[in-house]
file structure.csv (CSV, C-alpha atoms)
chain,number,residue,atom,x,y,z
A,464,MET,CA,13.5,20.9,-15.7
A,465,THR,CA,10.4,19.9,-13.7
A,466,ASP,CA,7.7,18.2,-15.8
A,467,THR,CA,10.2,17.5,-18.6
A,468,ALA,CA,9.5,14.3,-20.5
A,469,PHE,CA,12.7,12.3,-21.0
A,470,THR,CA,13.3,9.7,-23.8
A,471,TRP,CA,16.6,8.4,-22.3
A,472,LEU,CA,18.1,8.1,-18.9
A,473,LEU,CA,21.9,7.6,-19.3
A,474,ASN,CA,24.6,6.2,-17.0
A,475,ALA,CA,22.0,4.7,-14.8
A,476,ARG,CA,22.4,1.8,-12.3
A,477,PRO,CA,19.0,0.2,-12.6
A,478,ILE,CA,17.6,-1.9,-9.7
A,479,THR,CA,15.1,-3.7,-11.9
A,480,MET,CA,13.3,-6.0,-9.4
A,481,GLU,CA,12.9,-8.5,-12.2
A,482,LEU,CA,11.2,-11.8,-11.3
A,483,GLY,CA,13.7,-14.5,-10.6
A,484,GLU,CA,16.6,-12.1,-10.3
A,485,GLU,CA,18.7,-12.0,-7.1
A,486,GLY,CA,20.7,-9.1,-5.8
A,487,TYR,CA,18.0,-6.6,-6.4
A,488,GLY,CA,18.1,-7.4,-10.1
A,489,GLN,CA,21.0,-4.9,-10.5
A,490,LYS,CA,22.4,-4.1,-13.9
A,491,PRO,CA,25.7,-2.4,-14.8
A,492,LEU,CA,25.8,1.2,-16.2
A,493,SER,CA,22.8,1.3,-18.5
A,494,ALA,CA,20.7,3.5,-20.7
A,495,ILE,CA,16.9,3.4,-20.1
A,496,GLU,CA,14.7,4.3,-23.0
A,497,ILE,CA,11.2,5.7,-22.3
A,498,GLN,CA,8.5,6.0,-24.9
A,499,GLN,CA,4.9,7.2,-24.3
A,500,GLY,CA,5.4,7.1,-20.6
A,501,LYS,CA,6.6,3.5,-20.5
A,502,ILE,CA,9.9,1.8,-20.3
A,503,CYS,CA,10.9,0.7,-23.8
A,504,ARG,CA,14.2,-1.0,-23.1
A,505,VAL,CA,17.2,-1.2,-20.8
A,506,ILE,CA,20.5,-1.6,-22.6
A,507,PRO,CA,24.2,-1.4,-21.6
A,508,MET,CA,25.7,2.1,-22.0
A,509,GLU,CA,28.1,0.9,-24.6
A,510,GLU,CA,25.1,0.0,-26.9
A,511,TYR,CA,23.6,3.5,-26.6
A,512,SER,CA,24.1,5.8,-29.5
A,513,ALA,CA,23.0,9.5,-29.3
A,514,ALA,CA,19.8,9.4,-31.3
A,515,ALA,CA,17.7,11.6,-29.2
A,516,SER,CA,17.8,15.4,-28.8
A,517,ASP,CA,19.8,16.8,-25.9
A,518,ASP,CA,16.7,18.0,-24.0
A,519,ALA,CA,15.2,14.5,-24.0
A,520,VAL,CA,18.3,13.0,-22.2
A,521,LEU,CA,19.0,12.9,-18.5
A,522,ASP,CA,22.5,11.9,-17.5
A,523,LEU,CA,22.4,10.2,-14.0
A,524,GLN,CA,26.1,10.0,-13.7
A,525,GLY,CA,26.1,6.5,-12.2
A,526,ARG,CA,23.3,6.9,-9.7
A,527,TYR,CA,20.9,4.1,-8.7
A,528,VAL,CA,17.4,4.0,-10.2
A,529,THR,CA,14.6,2.1,-8.7
A,530,PRO,CA,10.9,1.6,-9.6
A,531,GLY,CA,8.6,4.1,-7.9
A,532,LEU,CA,7.5,3.0,-4.5
A,533,ILE,CA,4.0,1.5,-4.0
A,534,ASP,CA,2.1,1.8,-0.7
A,535,CYS,CA,-0.4,-1.0,-1.3
A,536,HIS,CA,-2.5,-0.7,2.0
A,537,THR,CA,-3.6,2.6,3.5
A,538,HIS,CA,-6.7,4.1,5.1
A,539,LEU,CA,-5.6,7.6,4.2
A,540,ILE,CA,-9.0,9.3,4.3
A,541,TYR,CA,-11.0,9.7,7.5
A,542,GLY,CA,-12.4,12.4,9.8
A,543,GLY,CA,-11.0,13.6,13.1
A,544,ASP,CA,-8.0,12.0,14.8
A,545,ARG,CA,-7.3,9.8,17.8
A,546,ALA,CA,-4.3,11.5,19.5
A,547,ASP,CA,-6.3,11.9,22.7
A,548,GLU,CA,-7.0,8.2,22.9
A,549,PHE,CA,-3.3,7.5,22.3
A,550,GLU,CA,-2.4,9.6,25.3
A,551,ARG,CA,-5.2,8.0,27.4
A,552,ARG,CA,-4.0,4.5,26.7
A,553,LEU,CA,-0.5,5.5,27.7
A,554,GLN,CA,-1.9,6.8,30.9
A,555,GLY,CA,-3.4,3.3,31.6
A,556,VAL,CA,-7.0,3.7,30.4
A,557,PRO,CA,-8.0,0.4,28.7
A,558,TYR,CA,-9.1,0.4,25.1
A,559,SER,CA,-12.4,-1.3,26.2
A,560,THR,CA,-13.2,1.7,28.4
A,561,ILE,CA,-12.4,4.1,25.6
A,562,ALA,CA,-14.6,2.2,23.2
A,563,LYS,CA,-17.5,2.1,25.7
A,564,GLU,CA,-17.3,5.9,26.0
A,565,GLY,CA,-17.7,6.2,22.2
A,566,GLY,CA,-14.0,6.2,21.3
A,567,GLY,CA,-12.1,3.9,19.0
A,568,ILE,CA,-13.3,3.3,15.5
A,569,ALA,CA,-16.7,4.6,16.5
A,570,SER,CA,-15.2,8.0,17.0
A,571,THR,CA,-13.6,8.0,13.6
A,572,VAL,CA,-16.8,6.8,11.9
A,573,ARG,CA,-18.7,9.6,13.7
A,574,ALA,CA,-16.2,12.3,12.6
A,575,THR,CA,-16.1,10.9,9.0
A,576,ARG,CA,-19.8,10.9,8.7
A,577,GLU,CA,-19.9,14.6,9.8
A,578,ALA,CA,-17.2,15.7,7.4
A,579,THR,CA,-17.6,16.9,3.8
A,580,ILE,CA,-15.6,15.5,0.9
A,581,GLU,CA,-13.7,18.8,0.8
A,582,THR,CA,-12.8,18.6,4.5
A,583,LEU,CA,-11.7,15.0,4.1
A,584,VAL,CA,-9.5,15.8,1.1
A,585,GLU,CA,-7.8,18.8,2.8
A,586,ALA,CA,-7.1,16.7,5.9
A,587,ALA,CA,-5.6,13.9,3.8
A,588,LYS,CA,-3.3,16.1,1.7
A,589,PRO,CA,-0.4,16.3,4.2
A,590,ARG,CA,-0.5,12.5,4.6
A,591,LEU,CA,-0.4,11.9,0.9
A,592,GLU,CA,2.4,14.5,0.4
A,593,ALA,CA,4.5,12.9,3.1
A,594,LEU,CA,4.4,9.6,1.2
A,595,LEU,CA,5.1,11.3,-2.2
A,596,ARG,CA,8.2,13.0,-0.7
A,597,GLU,CA,9.7,9.6,0.0
A,598,GLY,CA,9.1,8.3,-3.5
A,599,VAL,CA,5.6,6.8,-3.5
A,600,THR,CA,4.2,6.9,-7.0
A,601,THR,CA,1.3,4.4,-6.6
A,602,ILE,CA,-1.1,4.3,-3.6
A,603,GLU,CA,-4.0,2.2,-2.5
A,604,ILE,CA,-6.7,4.0,-0.4
A,605,LYS,CA,-9.4,2.1,1.4
A,606,SER,CA,-12.8,3.3,2.5
A,607,GLY,CA,-14.2,1.8,5.7
A,608,TYR,CA,-14.8,4.7,8.1
A,609,GLY,CA,-18.3,5.6,6.7
A,610,LEU,CA,-20.1,2.2,7.1
A,611,SER,CA,-23.2,3.5,5.3
A,612,LEU,CA,-23.8,3.6,1.6
A,613,GLU,CA,-23.7,7.4,1.5
A,614,ASP,CA,-20.6,7.7,3.6
A,615,GLU,CA,-18.6,4.9,2.0
A,616,LEU,CA,-19.3,6.4,-1.4
A,617,LYS,CA,-18.2,9.8,0.0
A,618,LEU,CA,-14.8,8.3,1.1
A,619,LEU,CA,-14.2,6.7,-2.3
A,620,ARG,CA,-15.0,9.9,-4.1
A,621,ALA,CA,-12.7,11.8,-1.7
A,622,ALA,CA,-9.9,9.4,-2.7
A,623,LYS,CA,-10.4,10.3,-6.4
A,624,ALA,CA,-10.5,14.0,-5.5
A,625,LEU,CA,-7.4,13.8,-3.3
A,626,THR,CA,-5.1,12.3,-5.9
A,627,GLN,CA,-6.2,14.7,-8.7
A,628,GLY,CA,-3.4,17.2,-9.3
A,629,TYR,CA,-0.7,14.9,-7.9
A,630,SER,CA,1.6,12.6,-9.9
A,631,VAL,CA,0.4,9.4,-8.3
A,632,ARG,CA,-1.6,6.4,-9.4
A,633,LEU,CA,-4.6,5.5,-7.3
A,634,HIS,CA,-6.0,2.1,-6.5
A,635,ALA,CA,-9.2,2.4,-4.5
A,636,THR,CA,-10.6,-0.4,-2.3
A,637,PHE,CA,-14.1,-0.6,-0.9
A,638,LEU,CA,-13.9,-1.7,2.8
A,639,GLY,CA,-17.5,-1.4,3.8
A,640,ALA,CA,-17.0,-4.6,5.9
A,641,HIS,CA,-14.5,-2.9,8.2
A,642,ALA,CA,-16.5,-2.9,11.4
A,643,LEU,CA,-20.1,-3.1,12.5
A,644,PRO,CA,-21.8,0.4,12.4
A,645,PRO,CA,-23.6,1.4,15.6
A,646,GLU,CA,-27.0,1.2,14.0
A,647,PHE,CA,-26.4,-2.5,13.3
A,648,VAL,CA,-25.2,-3.7,16.7
A,649,GLY,CA,-26.3,-7.3,17.1
A,650,ARG,CA,-27.3,-7.5,13.4
A,651,ALA,CA,-24.0,-8.3,11.7
A,652,ASP,CA,-25.6,-10.6,9.1
A,653,ASP,CA,-28.1,-7.8,8.2
A,654,TYR,CA,-25.2,-5.4,7.7
A,655,ILE,CA,-23.4,-7.8,5.5
A,656,THR,CA,-26.6,-8.1,3.4
A,657,LEU,CA,-26.5,-4.3,3.0
A,658,VAL,CA,-22.8,-4.4,1.9
A,659,CYS,CA,-23.5,-7.2,-0.6
A,660,ASP,CA,-26.9,-6.2,-2.0
A,661,LYS,CA,-26.7,-2.4,-1.9
A,662,MET,CA,-23.1,-1.0,-1.5
A,663,ILE,CA,-21.1,-3.3,-3.8
A,664,PRO,CA,-23.4,-2.9,-6.8
A,665,VAL,CA,-23.2,0.9,-6.6
A,666,VAL,CA,-19.4,0.9,-6.1
A,667,ALA,CA,-19.0,-1.3,-9.1
A,668,ALA,CA,-21.5,0.6,-11.3
A,669,GLU,CA,-19.8,3.9,-10.6
A,670,GLN,CA,-16.3,2.4,-10.9
A,671,LEU,CA,-15.2,3.8,-7.6
A,672,ALA,CA,-13.0,0.9,-6.5
A,673,ASP,CA,-10.8,-1.8,-8.0
A,674,ALA,CA,-11.2,-4.2,-5.2
A,675,VAL,CA,-13.2,-5.2,-2.1
A,676,ASP,CA,-11.7,-5.8,1.3
A,677,VAL,CA,-13.1,-7.4,4.5
A,678,PHE,CA,-11.8,-7.3,8.1
A,679,CYS,CA,-12.1,-11.1,8.8
A,680,GLU,CA,-11.5,-11.3,12.5
A,681,GLY,CA,-13.2,-12.2,15.7
A,682,ILE,CA,-13.9,-8.5,16.5
A,683,ALA,CA,-15.2,-7.9,13.0
A,684,PHE,CA,-16.6,-10.5,10.6
A,685,SER,CA,-16.6,-14.2,10.4
A,686,THR,CA,-15.3,-16.3,7.5
A,687,GLU,CA,-18.9,-17.1,6.5
A,688,GLN,CA,-19.8,-13.4,6.3
A,689,THR,CA,-16.5,-12.7,4.5
A,690,ALA,CA,-17.3,-15.3,1.9
A,691,ARG,CA,-20.6,-13.6,1.2
A,692,VAL,CA,-18.8,-10.3,0.6
A,693,PHE,CA,-16.2,-12.0,-1.7
A,694,ASP,CA,-19.0,-13.7,-3.7
A,695,ALA,CA,-20.7,-10.4,-4.2
A,696,ALA,CA,-17.5,-8.6,-5.2
A,697,LYS,CA,-16.6,-11.3,-7.7
A,698,ALA,CA,-20.1,-11.2,-9.2
A,699,HIS,CA,-19.5,-7.5,-9.9
A,700,GLY,CA,-16.1,-7.9,-11.4
A,701,LEU,CA,-14.1,-6.6,-8.5
A,702,ASN,CA,-10.9,-8.1,-7.0
A,703,ILE,CA,-10.9,-9.3,-3.4
A,704,LYS,CA,-8.5,-9.0,-0.5
A,705,ALA,CA,-8.7,-9.4,3.3
A,706,HIS,CA,-7.5,-8.1,6.6
A,707,ALA,CA,-6.8,-11.5,8.0
A,708,GLU,CA,-5.0,-13.3,10.9
A,709,GLN,CA,-4.0,-10.0,12.6
A,710,LEU,CA,-5.3,-10.9,16.1
A,711,SER,CA,-6.2,-14.6,15.8
A,712,LEU,CA,-6.2,-17.6,13.4
A,713,LEU,CA,-9.7,-17.5,11.8
A,714,GLY,CA,-8.8,-18.8,8.3
A,715,GLY,CA,-9.4,-15.6,6.4
A,716,SER,CA,-6.1,-15.9,4.5
A,717,GLU,CA,-6.9,-19.4,3.4
A,718,LEU,CA,-10.4,-18.2,2.3
A,719,VAL,CA,-9.2,-15.3,0.3
A,720,ALA,CA,-6.5,-17.4,-1.4
A,721,GLU,CA,-9.1,-20.1,-2.3
A,722,ARG,CA,-11.3,-17.4,-3.8
A,723,GLY,CA,-8.4,-16.2,-6.0
A,724,GLY,CA,-7.8,-13.0,-4.0
A,725,LEU,CA,-5.0,-10.5,-4.5
A,726,SER,CA,-3.7,-10.4,-0.9
A,727,ALA,CA,-4.1,-11.3,2.7
A,728,ASP,CA,-2.9,-8.4,4.9
A,729,HIS,CA,-1.4,-8.4,8.4
A,730,VAL,CA,-1.2,-12.3,8.7
A,731,GLU,CA,0.6,-12.4,12.1
A,732,TYR,CA,-1.3,-15.5,13.1
A,733,LEU,CA,-1.1,-17.2,9.7
A,734,ASP,CA,-0.5,-21.0,9.8
A,735,GLU,CA,1.0,-23.4,7.4
A,736,ALA,CA,-2.3,-24.3,5.8
A,737,GLY,CA,-2.9,-20.7,5.0
A,738,VAL,CA,0.6,-20.2,3.7
A,739,ARG,CA,0.2,-23.2,1.5
A,740,ALA,CA,-3.1,-21.9,0.1
A,741,MET,CA,-1.6,-18.5,-0.6
A,742,ALA,CA,1.4,-20.1,-2.4
A,743,ASN,CA,-0.9,-22.2,-4.6
A,744,ALA,CA,-3.1,-19.2,-5.5
A,745,GLY,CA,-0.3,-16.6,-5.9
A,746,THR,CA,-1.9,-14.5,-3.2
A,747,VAL,CA,0.4,-11.9,-1.7
A,748,ALA,CA,1.1,-11.5,2.0
A,749,VAL,CA,1.0,-7.8,2.8
A,750,LEU,CA,3.0,-7.2,6.0
A,751,LEU,CA,2.2,-4.2,8.1
A,752,PRO,CA,4.9,-3.5,10.7
A,753,GLY,CA,3.5,-0.1,11.6
A,754,ALA,CA,0.5,-1.6,13.2
A,755,PHE,CA,2.6,-4.3,14.8
A,756,TYR,CA,4.8,-1.6,16.3
A,757,PHE,CA,2.1,0.8,17.3
A,758,LEU,CA,0.0,-1.8,19.1
A,759,ARG,CA,3.2,-3.3,20.7
A,760,GLU,CA,2.3,-6.8,19.4
A,761,THR,CA,4.5,-9.8,20.0
A,762,GLN,CA,3.1,-12.3,17.5
A,763,LEU,CA,5.4,-12.1,14.4
A,764,PRO,CA,4.2,-13.1,10.9
A,765,PRO,CA,5.5,-16.5,9.9
A,766,ILE,CA,8.4,-15.1,7.8
A,767,GLU,CA,10.2,-18.4,7.4
A,768,LEU,CA,7.1,-20.3,6.3
A,769,LEU,CA,6.4,-17.5,3.7
A,770,ARG,CA,9.9,-17.8,2.4
A,771,GLU,CA,9.8,-21.6,2.4
A,772,TYR,CA,6.6,-21.6,0.2
A,773,SER,CA,7.8,-18.6,-1.9
A,774,VAL,CA,4.8,-16.5,-1.0
A,775,PRO,CA,5.5,-13.0,-2.2
A,776,MET,CA,5.7,-10.5,0.7
A,777,ALA,CA,4.6,-6.9,0.2
A,778,LEU,CA,5.1,-4.1,2.7
A,779,ALA,CA,2.8,-1.1,3.4
A,780,THR,CA,2.2,1.6,5.9
A,781,ASP,CA,-1.4,0.7,6.8
A,782,PHE,CA,-1.8,4.4,7.5
A,783,ASN,CA,-4.8,4.9,9.7
A,784,PRO,CA,-5.8,7.0,12.8
A,785,GLY,CA,-6.0,4.2,15.3
A,786,THR,CA,-3.2,1.7,14.9
A,787,SER,CA,-0.7,3.0,12.4
A,788,PRO,CA,-0.7,6.9,12.0
A,789,LEU,CA,2.7,6.6,10.3
A,790,ALA,CA,3.0,8.2,6.8
A,791,SER,CA,6.5,6.8,6.0
A,792,LEU,CA,6.9,3.8,3.7
A,793,ARG,CA,10.7,4.1,4.2
A,794,LEU,CA,10.1,3.6,8.0
A,795,MET,CA,8.1,0.5,7.2
A,796,MET,CA,11.1,-0.8,5.2
A,797,ASN,CA,13.3,-0.3,8.2
A,798,MET,CA,10.8,-1.9,10.5
A,799,GLY,CA,10.4,-4.8,8.1
A,800,CYS,CA,14.1,-5.4,8.7
A,801,THR,CA,14.4,-4.7,12.4
A,802,LEU,CA,11.1,-6.1,13.6
A,803,PHE,CA,10.3,-8.8,11.1
A,804,ARG,CA,13.9,-9.7,10.2
A,805,LEU,CA,13.4,-9.3,6.5
A,806,THR,CA,16.5,-8.4,4.3
A,807,PRO,CA,16.9,-5.0,2.7
A,808,GLU,CA,16.3,-6.7,-0.7
A,809,GLU,CA,13.1,-8.3,0.5
A,810,VAL,CA,11.7,-5.0,1.8
A,811,LEU,CA,12.6,-3.2,-1.4
A,812,ARG,CA,10.8,-5.9,-3.4
A,813,GLY,CA,8.0,-5.6,-0.9
A,814,VAL,CA,7.3,-1.9,-1.8
A,815,THR,CA,7.9,-2.4,-5.5
A,816,GLN,CA,7.5,-5.7,-7.3
A,817,HIS,CA,5.4,-7.5,-4.7
A,818,ALA,CA,3.3,-4.5,-3.8
A,819,ALA,CA,2.4,-4.2,-7.5
A,820,THR,CA,1.2,-7.8,-7.5
A,821,ALA,CA,-0.9,-7.1,-4.4
A,822,LEU,CA,-2.7,-4.5,-6.5
A,823,GLY,CA,-3.0,-6.8,-9.6
A,824,GLN,CA,-0.4,-4.7,-11.4
A,825,GLN,CA,2.4,-7.2,-11.9
A,826,GLY,CA,4.5,-6.4,-15.0
A,827,LYS,CA,3.0,-2.9,-15.1
A,828,LEU,CA,4.4,-1.3,-12.0
A,829,GLY,CA,7.2,-2.0,-9.5
A,830,GLN,CA,9.8,-3.2,-12.0
A,831,ILE,CA,12.2,-1.6,-14.5
A,832,ILE,CA,11.3,-3.8,-17.4
A,833,PRO,CA,10.0,-3.2,-21.0
A,834,GLY,CA,6.3,-2.4,-21.0
A,835,ALA,CA,6.2,-1.2,-17.4
A,836,HIS,CA,5.2,2.4,-16.5
A,837,ALA,CA,8.2,4.7,-16.3
A,838,ASP,CA,7.6,5.6,-12.7
A,839,LEU,CA,11.1,5.8,-11.5
A,840,LEU,CA,13.2,7.2,-8.6
A,841,VAL,CA,16.9,8.3,-8.8
A,842,TRP,CA,18.8,8.0,-5.6
A,843,ASP,CA,22.1,9.5,-4.5
A,844,ILE,CA,23.2,6.5,-2.4
A,845,ARG,CA,26.2,4.2,-2.2
A,846,HIS,CA,24.2,0.9,-1.9
A,847,PRO,CA,20.6,-0.1,-2.3
A,848,ALA,CA,20.5,-1.4,1.3
A,849,GLU,CA,20.6,2.3,2.4
A,850,LEU,CA,16.9,2.6,1.5
A,851,ALA,CA,16.1,0.3,4.4
A,852,TYR,CA,19.0,1.1,6.6
A,853,CYS,CA,18.0,4.7,7.3
A,854,PHE,CA,14.9,6.9,6.8
A,855,GLY,CA,14.3,10.6,7.0
A,856,VAL,CA,17.7,11.5,5.4
A,857,SER,CA,18.0,10.3,1.8
A,858,GLN,CA,15.1,11.4,-0.4
A,859,PRO,CA,14.8,10.7,-4.1
A,860,LEU,CA,17.1,13.0,-6.1
A,861,TYR,CA,14.8,12.8,-9.0
A,862,ARG,CA,11.2,11.5,-9.3
A,863,LEU,CA,9.8,10.5,-12.7
A,864,PHE,CA,6.2,9.7,-13.3
A,865,ALA,CA,5.3,8.2,-16.7
A,866,GLY,CA,8.7,9.5,-17.8
A,867,HIS,CA,8.1,13.1,-16.7
A,868,LEU,CA,10.3,14.7,-14.1
A,869,THR,CA,7.9,15.7,-11.2
A,870,PRO,CA,8.4,17.5,-7.9
A,871,ASN,CA,9.4,15.4,-4.9
A,872,ASN,CA,9.6,18.3,-2.4
A,873,TYR,CA,5.9,18.7,-1.6
A,874,SER,CA,5.2,21.2,1.1

call {"tool": "encode", "arguments": {"input": "structure.csv", "output": "structure tokens"}}
result
Amino acid sequence: MTDTAFTWLLNARPITMELGEEGYGQKPLSAIEIQQGKICRVIPMEEYSAAASDDAVLDLQGRYVTPGLIDCHTHLIYGGDRADEFERRLQGVPYSTIAKEGGGIASTVRATREATIETLVEAAKPRLEALLREGVTTIEIKSGYGLSLEDELKLLRAAKALTQGYSVRLHATFLGAHALPPEFVGRADDYITLVCDKMIPVVAAEQLADAVDVFCEGIAFSTEQTARVFDAAKAHGLNIKAHAEQLSLLGGSELVAERGGLSADHVEYLDEAGVRAMANAGTVAVLLPGAFYFLRETQLPPIELLREYSVPMALATDFNPGTSPLASLRLMMNMGCTLFRLTPEEVLRGVTQHAATALGQQGKLGQIIPGAHADLLVWDIRHPAELAYCFGVSQPLYRLFAGHLTPNNYS
């Protein structure tokens, strides 16, 4: 039955994630019609009449159906690993010492520059497949470990090559302004000029990315430098987003909102002015509990303020070698509840509806509504809260991509 295209899903319990709907947007037993890879309509079962051929119908026997999961913030492709640094830190070696010895992000940049596209793709396949097994149907992949024109382009091309052959939608993000490369030490403004004048135009011309990201932080780039990158991105028709307020309150979230950005990510130190700006702009707060956990941080994102101002909250793995080597979006859902005190409904919206908005795909992904892509998951669970309550046990019973039944047991 794998790769069968279905026209109808019968006896489904859709968790629609419709805007404005509470209680997961649940509907009673329904029939979901799929045409040309998109959801055509969702109707009560009693309104369904057998108009399709038997081989185009899948009877779900009362099981829950959710939109496909969306991991809207990852650094999935890089060279080398940092397991040795992880061990050394636990043995008491300060990160500053490791960095001075050539470790930290510098070691990842070095290994990435030395790797071929083929090597990068092969190394990333197990990470991607782990996410697909859990039900991810759309993924964002950032560059940012090359920090030169040649190597940033290599990472973005590797992202395209990685996702070929898999039933997953790719949104690539150019993160050239991730850190200062070693050859530009003491010349941050010069590097930002390279990013704006050389890198972004090529990325845009070759259509290698949908958006441009900046690490706006004291250890990375200032708000003034970030604004320069945003202006260059907008001038070339690219969306913008920011790593912001992860380690301190610098104002990156407010800046990206004022510039009409898609999202501000991390946001542990976000203040009310930033929250208000994000609410006014419709900018999504992407919460990354994996990094919070892995770094043993204590500053929680301002969840109550985000709720008060109705800022959409997405959730993602932030998979990367240094601060979140955790390829499990379901684990992030659990951590969103246990560490950030989100509700199971909030975290499910965070990896569907709001994650789609963080990628500029609202109404197209992350919801079971007419016109959305028929990227759907069928679950053998008793209650939707199970998806956040536990991880590593319940996997999707069926995985549909554009209406086609696809494998979810990647190995």

call {"tool": "closest_atom_pairs", "arguments": {"input": "structure.csv", "of": "segment 610-687 of chain A", "to": "segment 830-840 of chain A", "cutoff": "10 Å", "atoms": "only C-alpha atoms", "output": "tab-separated table"}}
result
residue	atom	partner	partner_atom	distance
A:Ser630	CA	A:Asp838	CA	9.6
A:Val631	CA	A:Asp838	CA	9.3
A:Arg632	CA	A:Asp838	CA	9.8

call {"tool": "closest_residue", "arguments": {"input": "structure.csv", "among": "A:Pro477, A:Pro765, A:Gly598, A:Gly829", "to": "Leu850 of chain A", "atoms": "only C-alpha atoms"}}
result
A:Gly598

call {"tool": "residues_around", "arguments": {"input": "structure.csv", "residues": "segment 780-794 of chain A", "least_positions_apart": "6", "cutoff": "10 Å", "atoms": "all atoms listed in the file", "output": "ChimeraX atom specification"}}
result
/A:532-546,548-549,567-568,571,589-599,603-605,728-729,749-759,800,810-811,814,850-855,857-858

call {"tool": "atom_distance", "arguments": {"input": "structure.csv", "atom1": "atom CA of Asn702 of chain A", "atom2": "atom CA of Ser726 of chain A"}}
result
9.7 Å

call {"tool": "atom_distance", "arguments": {"input": "structure.csv", "atom1": "atom CA of Leu733 of chain A", "atom2": "atom CA of Glu708 of chain A"}}
result
5.6 Å

call {"tool": "atom_distance", "arguments": {"input": "structure.csv", "atom1": "atom CA of Gly525 of chain A", "atom2": "atom CA of Ala475 of chain A"}}
result
5.2 Å

call {"tool": "residues_around", "arguments": {"input": "structure.csv", "residues": "Glu808 of chain A", "least_positions_apart": "6", "cutoff": "10 Å", "atoms": "only C-alpha atoms", "output": "VMD selection string"}}
result
chain A and resid 480 485 to 488 796 800 847 to 848 850 to 851

call {"tool": "write_last_selection", "arguments": {"input": "structure.csv", "atoms": "C-alpha atoms", "output": "mmCIF file, in the frame of the given file"}}
result
data_model
loop_
_atom_site.group_PDB
_atom_site.id
_atom_site.type_symbol
_atom_site.label_atom_id
_atom_site.label_comp_id
_atom_site.auth_asym_id
_atom_site.auth_seq_id
_atom_site.Cartn_x
_atom_site.Cartn_y
_atom_site.Cartn_z
ATOM 1 C CA MET A 480 13.300 -6.000 -9.400
ATOM 2 C CA GLU A 485 18.700 -12.000 -7.100
ATOM 3 C CA GLY A 486 20.700 -9.100 -5.800
ATOM 4 C CA TYR A 487 18.000 -6.600 -6.400
ATOM 5 C CA GLY A 488 18.100 -7.400 -10.100
ATOM 6 C CA MET A 796 11.100 -0.800 5.200
ATOM 7 C CA CYS A 800 14.100 -5.400 8.700
ATOM 8 C CA PRO A 847 20.600 -0.100 -2.300
ATOM 9 C CA ALA A 848 20.500 -1.400 1.300
ATOM 10 C CA LEU A 850 16.900 2.600 1.500
ATOM 11 C CA ALA A 851 16.100 0.300 4.400
#

call {"tool": "axis_aligned_box", "arguments": {"input": "structure.csv", "around": "segment 756-773 of chain A", "padding_each_side": "6 Å", "output": "JSON"}}
result
{"center_x": 5.1, "center_y": -10.4, "center_z": 9.4, "size_x": 22.2, "size_y": 34.4, "size_z": 34.6}

call {"tool": "residues_around", "arguments": {"input": "structure.csv", "residues": "Ala707 of chain A", "least_positions_apart": "5", "cutoff": "10 Å", "atoms": "only C-alpha atoms", "output": "list in words"}}
result
Val677, Phe678, Cys679, Glu680, Thr686, Leu712, Leu713, Gly714, Gly715, Ser716, Glu717, Leu718, Val719, Ser726, Ala727, Asp728, His729, Val730, Glu731, Tyr732, Leu733 and Ala748 of chain A

call {"tool": "residues_around", "arguments": {"input": "structure.csv", "residues": "Phe469 of chain A", "least_positions_apart": "3", "cutoff": "7 Å", "atoms": "only C-alpha atoms", "output": "PyMOL selection string"}}
result
chain A and resi 497+519-521+866-867

call {"tool": "closest_residue", "arguments": {"input": "structure.csv", "among": "A:Ala777, A:Val841, A:Ala744, A:Leu868", "to": "Gln524 of chain A", "atoms": "only C-alpha atoms"}}
result
A:Val841

call {"tool": "closest_residue", "arguments": {"input": "structure.csv", "among": "A:Ala736, A:Lys617, A:Asp522, A:Ala672", "to": "Leu633 of chain A", "atoms": "all atoms listed in the file"}}
result
A:Ala672

call {"tool": "closest_residue", "arguments": {"input": "structure.csv", "among": "A:Ala635, A:Met508, A:Ala779, A:Trp842", "to": "Ile478 of chain A", "atoms": "all atoms listed in the file"}}
result
A:Trp842

call {"tool": "residues_near_point", "arguments": {"input": "structure.csv", "point": "(-27.4, -11.4, 10.7)", "cutoff": "12 Å", "atoms": "only C-alpha atoms", "output": "ChimeraX atom specification"}}
result
/A:643,647-657,684-685,687-688,691
